[in-house]
Amino acid sequence: METNPLTIDDDDVVSLAYSLRLDDGQEVDSSDGDDPLEFIQGYGQIIPGLEEALYGMAVGEEKQVVVEPEDGYGHYDVDDFSVVPRDAFPPELTLAPGMGLSVQDSESGEVFQAYVAELHSDSVVLDFNHPLAGETLHFQVKIVGLRAATDEELEHGHVHDNGHSH
């Protein structure tokens, strides 16, 4: 039997409607027109500064949350770039500035997200900073759903969407 907690705590499945703006007021992300964001509270599935601010909120409650870079996507690291030979990429791959790529470290096998910063005829400059690194994030959030996570969800560490497609 699923219980519906009254306020957000660890192990709750939270459904969050949100919009995200930067300091200049530019909206960079929003759940508007999409399903709300669903995640399990307390598992680091969203950025720490936002997750921390949601504790104790109830369904229907709205608030503005300002997240500094250190609690968001980190500070911008000017050294976090890599120049890669153009022929390291499959020839059929059309690269464009700003494009996101998953890059695997050949030694550790770890996968990193990178973004194409510059394209040259024989090389590509990859930026390993998140596009929102260094930004102060202004969230407008509304709790649209809240329930206790199932044992299976807790075991798997993610929300099971009961057949809804995203």
# chains A, B, ... in the order shown; residues from 1 in each chain; ligands from 1
call {"tool": "residues_around", "arguments": {"residues": "region 21-33 of chain A", "least_positions_apart": "6", "cutoff": "10 Å", "atoms": "only C-alpha atoms", "output": "ChimeraX atom specification"}}
result
/A:66,132,135-141
call {"tool": "select_by_dssp", "arguments": {"residues": "region 70-154 of chain A", "states": "alpha helix (DSSP H)", "output": "list of chain:residue names"}}
result
A:Asp151, A:Glu152, A:Glu153, A:Leu154
call {"tool": "atom_distance", "arguments": {"atom1": "CA of His130 (chain A)", "atom2": "CA of Ala114 (chain A)"}}
result
7.6 Å
call {"tool": "closest_residue", "arguments": {"among": "A:Arg147, A:His160, A:Lys142, A:Arg86", "to": "Lys63 (chain A)", "atoms": "only C-alpha atoms"}}
result
A:Lys142
call {"tool": "closest_residue", "arguments": {"among": "A:Ala133, A:Val13, A:Ile46, A:Val125", "to": "Glu70 (chain A)", "atoms": "only C-alpha atoms"}}
result
A:Ala133
call {"tool": "atom_distance", "arguments": {"atom1": "CA of Ser19 (chain A)", "atom2": "CA of Phe112 (chain A)"}}
result
25.8 Å
call {"tool": "atom_distance", "arguments": {"atom1": "CA of Leu16 (chain A)", "atom2": "CA of Asp35 (chain A)"}}
result
9.0 Å
call {"tool": "select_by_dssp", "arguments": {"residues": "region 13-83 of chain A", "states": "strand (DSSP E or B)", "output": "PyMOL selection string"}}
result
chain A and resi 13-21+27-30+37-40+62-67+81-83
call {"tool": "residues_around", "arguments": {"residues": "Thr94 (chain A)", "least_positions_apart": "4", "cutoff": "12 Å", "atoms": "only C-alpha atoms", "output": "JSON, numbers by chain"}}
result
{"A": [86, 89, 90, 99, 100, 101, 116, 119, 124]}
call {"tool": "write_last_selection", "arguments": {"atoms": "C-alpha atoms", "output": "mmCIF file, in the first residue's frame"}}
result
data_model
loop_
_atom_site.group_PDB
_atom_site.id
_atom_site.type_symbol
_atom_site.label_atom_id
_atom_site.label_comp_id
_atom_site.auth_asym_id
_atom_site.auth_seq_id
_atom_site.Cartn_x
_atom_site.Cartn_y
_atom_site.Cartn_z
ATOM 1 C CA ARG A 86 38.890 15.739 -35.961
ATOM 2 C CA PHE A 89 35.177 11.316 -34.433
ATOM 3 C CA PRO A 90 33.243 9.132 -36.875
ATOM 4 C CA MET A 99 26.497 20.095 -29.411
ATOM 5 C CA GLY A 100 26.635 17.691 -26.474
ATOM 6 C CA LEU A 101 28.692 14.504 -26.668
ATOM 7 C CA VAL A 116 31.708 21.234 -28.798
ATOM 8 C CA LEU A 119 35.465 23.396 -34.726
ATOM 9 C CA VAL A 124 37.726 19.936 -32.251
#
call {"tool": "residues_around", "arguments": {"residues": "Glu51 (chain A)", "least_positions_apart": "2", "cutoff": "12 Å", "atoms": "only C-alpha atoms", "output": "list of chain:residue names"}}
result
A:Ile8, A:Asp9, A:Asp10, A:Asp12, A:Val14, A:Leu16, A:Phe39, A:Ile40, A:Gln41, A:Gly42, A:Tyr43, A:Gly44, A:Gln45, A:Ile46, A:Ile47, A:Pro48, A:Gly49, A:Ala53, A:Leu54, A:Tyr55, A:Gly56, A:Met57, A:Val65, A:Val66, A:Val67, A:Asp71, A:Gly72, A:Phe139, A:Val141
call {"tool": "residues_around", "arguments": {"residues": "Phe128 (chain A)", "least_positions_apart": "6", "cutoff": "8 Å", "atoms": "only C-alpha atoms", "output": "ChimeraX atom specification"}}
result
/A:80-82,112-115
call {"tool": "write_last_selection", "arguments": {"atoms": "N, CA and C atoms", "output": "PDB file, in the first residue's frame"}}
result
ATOM      1  N   ASP A  80      39.151  23.272 -18.214  1.00  0.00           N
ATOM      2  CA  ASP A  80      38.441  22.019 -18.472  1.00  0.00           C
ATOM      3  C   ASP A  80      38.057  21.877 -19.949  1.00  0.00           C
ATOM      4  N   PHE A  81      39.081  22.020 -20.802  1.00  0.00           N
ATOM      5  CA  PHE A  81      38.902  21.909 -22.250  1.00  0.00           C
ATOM      6  C   PHE A  81      39.858  20.854 -22.773  1.00  0.00           C
ATOM      7  N   SER A  82      39.545  20.325 -23.920  1.00  0.00           N
ATOM      8  CA  SER A  82      40.415  19.336 -24.526  1.00  0.00           C
ATOM      9  C   SER A  82      40.388  19.527 -26.039  1.00  0.00           C
ATOM     10  N   PHE A 112      32.207  11.015 -19.718  1.00  0.00           N
ATOM     11  CA  PHE A 112      32.037  12.433 -19.391  1.00  0.00           C
ATOM     12  C   PHE A 112      31.140  13.073 -20.434  1.00  0.00           C
ATOM     13  N   GLN A 113      30.402  14.080 -20.008  1.00  0.00           N
ATOM     14  CA  GLN A 113      29.613  14.858 -20.953  1.00  0.00           C
ATOM     15  C   GLN A 113      30.482  16.025 -21.393  1.00  0.00           C
ATOM     16  N   ALA A 114      30.563  16.253 -22.679  1.00  0.00           N
ATOM     17  CA  ALA A 114      31.345  17.368 -23.205  1.00  0.00           C
ATOM     18  C   ALA A 114      30.505  18.102 -24.239  1.00  0.00           C
ATOM     19  N   TYR A 115      30.904  19.321 -24.546  1.00  0.00           N
ATOM     20  CA  TYR A 115      30.192  20.156 -25.508  1.00  0.00           C
ATOM     21  C   TYR A 115      31.208  20.687 -26.511  1.00  0.00           C
TER      22      TYR A 115
END
call {"tool": "closest_residue", "arguments": {"among": "A:Val84, A:Gly74, A:Pro131, A:Glu68", "to": "Gly98 (chain A)", "atoms": "only C-alpha atoms"}}
result
A:Pro131
